[in-house]
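Q: Below: one structure in structure tokens.
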Amino acid sequence: MTAAKPTRQVLRAHGRKSRKSSKQQAQELTDHILQEAEIKAAAAASVTQASLTEAELQAWQQDLERRLQTILQHPEQNLGHLEEELARSAKEPLRWLAQRAAQAKANATPCQCRQCPRELTGQKYLSRTVDSRFGSFVLWRRYGWCSECEQWQFPADHALGLGRQAPASPYLQEISALLVSKMPVEQAVGVAERLGLDLSRCFLHREAHRQGLKAQERRAQAVAELDRWEDLQKLSRSAEGPPVPPFTLVIEIDAWNIRERDFWGRTEELRRQGQELKRWHWVYLATVFRLEHRGQTQGQRAFITERGYVATRGGVDALSAQLHREAITRGLGQAQQVLVIADGAVWIWNLVQDRFGQARQQLDLYHADEHLWAVAHELYGRGTPEARAWVTPLLQKIRQDQTPSVIAALGELKPTLIESQQKKLQTEMDYFKNNAHRMKYKDLLAAREACAAGTATEEQRKLANQPLGSGAIESTCRQYQCRFKRTGQFWTTVGDEALLCLETFWRNGRWPELYPHAKSTAALN
Ligand SMILES: [Zn+2]
């Protein structure tokens with residue numbers, strides 16, 4: 001707070017050589033500071049609009065001309081140099097404008113309680129520093145006491161989108177969140193600098209974390225709507241919209257490992273106590289999309305034009321609630337059919353049973369293949385022709401929905417094996433038994449063949465577009481991992497949930513929910 005800090009001149013004026021008593025000096029110093037603050041506050045309070053004076057405009061013009069002239073004289077300097085210098089020379093005038101505009105808006109903000117709303121009492125002015133896109137400036141704003149809410153309030157801070165304890169303007173809040181959720185802080189500092197922003201490592205780190213917590217709060221509010229009947233009604237109404245043709249909603253679920261350090265500075269102590277420290281934690285991911293939003297490139301590569309994402313390291317229950325909420329947004333209530341595709345993990349199917357009881361469950365075909373290949377490698381060695389010869393007809397059987405006969409074939413094999421192999425075989429047999437009802441691929445593959453041959457019915461054309469595997473979520477996992485699983489990178493539990501949450505807001509195209517000013521420019525996702 002600038003008001004509380006004596007300026008250099010003030011300190012000089014009250015130097016040690018003064019013959020006055022120290023008590024007297026202190027009093028005079030305080031009076032002086034208060035007086036100076038009053039003058040500044042009064043000046044700030046009179047600002048009603050943002051503009052530059054003639055003299056300022058002229059100074060800017062001259063500075064600009066001088067910079068441009070230098071570049072024009074240098075044959076080796078190009079348009080890039082011009083761009084840099086234009087931006088540099090405009091920064092200071094823009095900072096003045098930002099300060100004056102913010103001040104004018106603060107002055108125009110009624111000094112009323114946000115909740116009540118009643119006029120605040122004991123109103124005074126206090127200054128604060130704001131870090132903006134164009135640099136730092138001082139802002140004065142009124143504050144006052146609400147006797148009903150029993151708290152001091154700064155209505156202008158709220159109107160301007162400023163945090164209580166942090167200097168970042170909304171634009172810098174957003175940029176910190178964006179940069180740090182996309183790259184390590186060390187890199188973000190350099191990138192910010194090239195964008196004309198002088199942001200320290202510490203600033204970026206702290207601000208991004210604060211923004212991540214804000215995003216989590218927002219997400220929690222959305223998830224809490226599932227628990228309130230009125231909210232749920234409102235949700236289903238808002239998702240309804242104009243009538244749409246019947247569609248299939250596809251959900252894919254997966255998980256991956258993240259490296260975290262939960263016990264900063266206590267590692268040795270906890271080890272001595274014999275506690276096992278878990279470094280790796282699961283990050284749970286899901287994606288939701290309408291089948292009609294899935295297409296294929298000419299090279300048969302699948303792409304999805306519109307989809308929702310969920311990511312959390314807060315456990316299966318957190319994933320479950322967040323996924324349910326996302327699925328409602330993406331049309332769960334209107335879908336003719338819900339299709340869940342995943343690997344064989346038991347927790348996934350329990351979640352599906354719990355939240356999407358009516359959904360059709362499908363085991364990822366390629367995971368099923370992998371389990372058969374594992375047996376082949378065990379029996380005949382990795383990459384041998386014998387392994388391939390053994391597995392090929394069984395892979396075909398899976399594609400013909402003949403999983404029971406695959407299980408039978410494995411069962412016949414069992415007595416011929418040694419004990420350790422029998423154990424492994426039994427595990428795979430259990431896998432197929434548990435998932436047999438999720439292994440229906442025949443119609444889908446026939447539909448694809450018919451499409452390729454040009455003989456497909458309307459029904460088959462629709463069916464052919466269904467995915468065989470959970471490739472969509474697996475590629476999503478890889479994308480998240482690019483940021484969150486770098487070599488040597490440790491994360492704290494709180495820190496990485498905050499960043500995961502930000503990244504997911506971005507991917508879901510809901511960035512403007514956190515940063516309303518970003519709406520006009522949002523070409524997101
Ligand atoms: Zn109040």
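The chains in the structure tokens are called A, B, ... from first to last as shown; in each chain the residues are counted from 1, and the ligands are counted from 1 in the order shown.
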Counting only C-alpha atoms and all ligand atoms, which residues of chain A fall within 10 Å of ligand 1, and what is the closest atom pair for each with its distance in Å at one decimal, ordered by chain and rising number, as CSV?
A:
```
residue,atom,partner,partner_atom_place_in_ligand_line,distance
A:Gln112,CA,ligand 1,1 (Zn),8.0
A:Cys113,CA,ligand 1,1 (Zn),4.6
A:Arg114,CA,ligand 1,1 (Zn),6.4
A:Gln115,CA,ligand 1,1 (Zn),5.0
A:Cys116,CA,ligand 1,1 (Zn),4.3
A:Pro117,CA,ligand 1,1 (Zn),6.0
A:Arg118,CA,ligand 1,1 (Zn),6.5
A:Glu119,CA,ligand 1,1 (Zn),8.7
A:Leu120,CA,ligand 1,1 (Zn),8.1
A:Trp145,CA,ligand 1,1 (Zn),8.3
A:Cys146,CA,ligand 1,1 (Zn),4.9
A:Ser147,CA,ligand 1,1 (Zn),6.7
A:Glu148,CA,ligand 1,1 (Zn),4.9
A:Cys149,CA,ligand 1,1 (Zn),4.2
A:Glu150,CA,ligand 1,1 (Zn),7.1
A:Gln151,CA,ligand 1,1 (Zn),7.6
A:Trp152,CA,ligand 1,1 (Zn),9.3
A:Gln153,CA,ligand 1,1 (Zn),8.8
```
Q: Can you spit out the residues from that selection as a CSV table (one decimal), in the first residue's frame, using N, CA, C and O atoms?
A:
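Written output follows (selection.csv):
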```
chain,number,residue,atom,x,y,z
A,112,GLN,N,-21.1,0.4,-2.5
A,112,GLN,CA,-22.2,-0.4,-1.8
A,112,GLN,C,-21.8,-1.8,-1.5
A,112,GLN,O,-20.9,-2.4,-2.2
A,113,CYS,N,-22.5,-2.4,-0.6
A,113,CYS,CA,-22.2,-3.8,-0.2
A,113,CYS,C,-22.7,-4.7,-1.4
A,113,CYS,O,-23.7,-4.4,-2.0
A,114,ARG,N,-21.9,-5.7,-1.7
A,114,ARG,CA,-22.2,-6.6,-2.9
A,114,ARG,C,-23.4,-7.5,-2.5
A,114,ARG,O,-24.2,-7.9,-3.4
A,115,GLN,N,-23.6,-7.8,-1.3
A,115,GLN,CA,-24.7,-8.8,-0.9
A,115,GLN,C,-26.0,-8.0,-0.6
A,115,GLN,O,-27.0,-8.5,-1.0
A,116,CYS,N,-25.9,-6.9,0.2
A,116,CYS,CA,-27.1,-6.4,0.8
A,116,CYS,C,-28.1,-5.7,-0.2
A,116,CYS,O,-29.3,-6.1,-0.1
A,117,PRO,N,-27.9,-4.9,-1.1
A,117,PRO,CA,-26.8,-4.0,-1.2
A,117,PRO,C,-27.1,-2.7,-0.5
A,117,PRO,O,-28.0,-2.0,-0.8
A,118,ARG,N,-26.3,-2.3,0.4
A,118,ARG,CA,-26.5,-1.0,1.1
A,118,ARG,C,-25.2,-0.2,1.0
A,118,ARG,O,-24.1,-0.7,0.8
A,119,GLU,N,-25.4,1.2,1.2
A,119,GLU,CA,-24.2,2.0,1.1
A,119,GLU,C,-23.3,1.7,2.3
A,119,GLU,O,-23.7,1.5,3.4
A,120,LEU,N,-22.0,1.6,2.0
A,120,LEU,CA,-21.0,1.2,3.0
A,120,LEU,C,-20.7,2.5,3.9
A,120,LEU,O,-20.8,3.6,3.4
A,145,TRP,N,-17.4,0.0,5.3
A,145,TRP,CA,-17.8,-1.1,6.2
A,145,TRP,C,-19.3,-1.4,6.0
A,145,TRP,O,-20.1,-0.5,5.9
A,146,CYS,N,-19.6,-2.7,5.9
A,146,CYS,CA,-21.0,-3.1,5.9
A,146,CYS,C,-21.4,-3.7,7.3
A,146,CYS,O,-20.8,-4.7,7.7
A,147,SER,N,-22.3,-3.0,8.0
A,147,SER,CA,-22.6,-3.5,9.3
A,147,SER,C,-23.4,-4.8,9.3
A,147,SER,O,-23.4,-5.5,10.3
A,148,GLU,N,-24.1,-5.0,8.2
A,148,GLU,CA,-24.9,-6.2,8.1
A,148,GLU,C,-24.0,-7.5,7.9
A,148,GLU,O,-24.1,-8.4,8.6
A,149,CYS,N,-23.1,-7.3,7.0
A,149,CYS,CA,-22.2,-8.4,6.6
A,149,CYS,C,-20.9,-8.4,7.6
A,149,CYS,O,-20.1,-9.4,7.5
A,150,GLU,N,-20.8,-7.3,8.3
A,150,GLU,CA,-19.6,-7.2,9.2
A,150,GLU,C,-18.3,-7.4,8.5
A,150,GLU,O,-17.5,-8.2,8.9
A,151,GLN,N,-18.1,-6.6,7.4
A,151,GLN,CA,-16.8,-6.7,6.8
A,151,GLN,C,-16.5,-5.4,6.0
A,151,GLN,O,-17.4,-4.7,5.6
A,152,TRP,N,-15.2,-5.2,5.8
A,152,TRP,CA,-14.8,-4.1,4.9
A,152,TRP,C,-14.8,-4.6,3.5
A,152,TRP,O,-14.5,-5.7,3.2
A,153,GLN,N,-15.3,-3.7,2.6
A,153,GLN,CA,-15.4,-4.1,1.2
A,153,GLN,C,-14.8,-3.0,0.3
A,153,GLN,O,-14.9,-1.8,0.6
```
Q: Run DSSP on the backbone of this structure and report the residues of segment 303-457 of chain A it assigns to strand (DSSP E or B), as a list in words.
A: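 Selection result, strand (DSSP E or B) within segment 303-457 of chain A: Phe303, Ile304, Gly308, Tyr309, Val310, Ala311, Thr312, Gln337, Val338, Leu339, Val340, Ile341, Ala342, Arg360, Gln361, Gln362 and Leu363 of chain A.
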Q: Restricted to C-alpha atoms, what would the selected residues look like written as a compact mmCIF listing (two decimals), in the first residue's frame?
A:
```txt
# COMPACT_ATOMS: atom_id res chain seq x y z
CA PHE A 303 -11.05 -37.10 -35.66
CA ILE A 304 -13.70 -35.58 -33.42
CA GLY A 308 -15.94 -32.73 -23.71
CA TYR A 309 -13.06 -33.63 -21.41
CA VAL A 310 -12.77 -34.57 -17.76
CA ALA A 311 -9.45 -34.88 -15.93
CA THR A 312 -8.72 -35.26 -12.23
CA GLN A 337 -28.10 -44.52 -26.90
CA VAL A 338 -25.05 -44.20 -24.68
CA LEU A 339 -21.97 -46.22 -25.58
CA VAL A 340 -19.03 -46.58 -23.18
CA ILE A 341 -15.71 -47.85 -24.54
CA ALA A 342 -12.76 -48.65 -22.28
CA ARG A 360 -24.01 -50.17 -23.76
CA GLN A 361 -20.56 -51.31 -22.66
CA GLN A 362 -17.83 -52.14 -25.13
CA LEU A 363 -14.37 -53.47 -24.45
```
Q: Out of A:Leu372, A:Val244, A:Val283, A:Ala44, which residue has the shortest atom-to-atom distance to Gly331 of chain A when counting only C-alpha atoms?
A: A:Val244
Q: Skipping near chain neighbours, those fewer than 6 positions away, what residues fall within 12 Å of segment 189-201 of chain A using only C-alpha atoms, listed as a ChimeraX atom specification?
A: /A:83-91,131-136,167-168,171-173,175-180,182-183,207-208
Q: Could you write out that same residue set with C-alpha atoms as a compact mmCIF listing (two decimals), in the first residue's frame?
A:
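Saved as selection_4.txt:
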```txt
# COMPACT_ATOMS: atom_id res chain seq x y z
CA GLU A 83 6.77 -4.28 -34.85
CA GLU A 84 8.92 -4.48 -31.73
CA GLU A 85 9.57 -0.76 -31.57
CA LEU A 86 5.94 0.18 -32.25
CA ALA A 87 4.82 -2.04 -29.39
CA ARG A 88 7.55 -0.75 -27.11
CA SER A 89 6.84 2.91 -27.70
CA ALA A 90 3.09 2.38 -27.22
CA LYS A 91 3.48 0.54 -23.94
CA ASP A 131 0.08 -5.30 -12.60
CA SER A 132 -1.44 -4.95 -16.04
CA ARG A 133 -0.70 -5.99 -19.61
CA PHE A 134 1.03 -2.61 -20.04
CA GLY A 135 2.91 -2.50 -16.74
CA SER A 136 2.20 -1.64 -13.10
CA PRO A 167 -1.80 -7.61 -8.03
CA ALA A 168 -2.53 -9.33 -11.39
CA TYR A 171 -5.53 -10.22 -18.46
CA LEU A 172 -2.40 -11.23 -16.53
CA GLN A 173 -4.45 -13.68 -14.46
CA ILE A 175 -2.09 -15.28 -19.35
CA SER A 176 -0.44 -16.79 -16.25
CA ALA A 177 -3.04 -19.55 -16.19
CA LEU A 178 -2.68 -20.20 -19.91
CA LEU A 179 1.12 -20.23 -20.04
CA VAL A 180 1.68 -22.34 -16.94
CA LYS A 182 0.75 -25.28 -21.27
CA MET A 183 4.43 -25.30 -20.29
CA GLU A 207 -0.90 -16.54 -10.11
CA ALA A 208 -1.42 -19.74 -12.13
```
Q: Using only C-alpha atoms, what table do you get, as a Markdown table, when you list each residue of segment 391-420 of chain A with an atom no more than 12 Å from segment 438-446 of chain A, its nearest pair of atoms, and their distance in Å rounded to one decimal, rows by chain then rising number?
A:
```
| residue | atom | partner | partner_atom | distance |
| --- | --- | --- | --- | --- |
| A:Leu395 | CA | A:Tyr441 | CA | 11.6 |
| A:Gln396 | CA | A:Lys442 | CA | 10.0 |
| A:Lys397 | CA | A:Lys442 | CA | 9.6 |
| A:Ile398 | CA | A:Met439 | CA | 7.4 |
| A:Arg399 | CA | A:Lys442 | CA | 5.5 |
| A:Gln400 | CA | A:Lys442 | CA | 5.0 |
| A:Asp401 | CA | A:Lys440 | CA | 5.5 |
| A:Gln402 | CA | A:Met439 | CA | 8.8 |
| A:Thr403 | CA | A:Met439 | CA | 7.3 |
| A:Pro404 | CA | A:Met439 | CA | 10.3 |
| A:Val406 | CA | A:Met439 | CA | 11.8 |
```
Q: How many Å separate atom CA of Leu413 of chain A from atom CA of Gly469 of chain A?
A: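 One can read the atom CA of Leu413 of chain A to atom CA of Gly469 of chain A distance as 28.1 Å.
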Q: As a ChimeraX atom specification, list the residues of segment 87-126 of chain A assigned to alpha helix (DSSP H) by DSSP on the backbone atoms of this structure.
A: /A:87-108
Q: List the spatial neighbours of Glu428 of chain A as a list in words - criterion: any atom at most 8 Å away, only C-alpha atoms, same-chain residues fewer than 2 positions off excluded.
A: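 Using only C-alpha atoms, the neighbours found are His371, Leu372, Val375, Lys424, Leu425, Gln426, Asp430, Tyr431 and Phe432 of chain A.
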Q: What does the distance from atom CA of Lys234 of chain A to atom CA of Gly315 of chain A come to in Å, to one decimal?
A: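 So the two atoms, atom CA of Lys234 of chain A and atom CA of Gly315 of chain A, lie 27.9 Å apart.
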Q: What does the distance from atom CA of Trp511 of chain A to atom CA of Ala215 of chain A come to in Å, to one decimal?
A: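 Between these atoms lies a distance of 9.5 Å.
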Q: So, counting only C-alpha atoms, which residue among A:Lys124, A:Arg66, A:His377, A:Arg290 is closest to Pro245 of chain A?
A: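 The shortest atom-to-atom distance to Pro245 of chain A comes from A:Arg290.
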Q: Within 9 Å of Ala387 of chain A, counting only C-alpha atoms, which residues show up once you throw out same-chain ones fewer than 6 positions away? Write them as number ranges by chain, please.
A: A: 373, 375-381
Q: Write out as a ChimeraX atom specification the residues lying within 9 Å of segment 462-467 of chain A, counting only C-alpha atoms and excluding same-chain residues fewer than 4 positions away.
A: /A:250,291-292,294-296,302,341,364,443-451,457-458,471-472
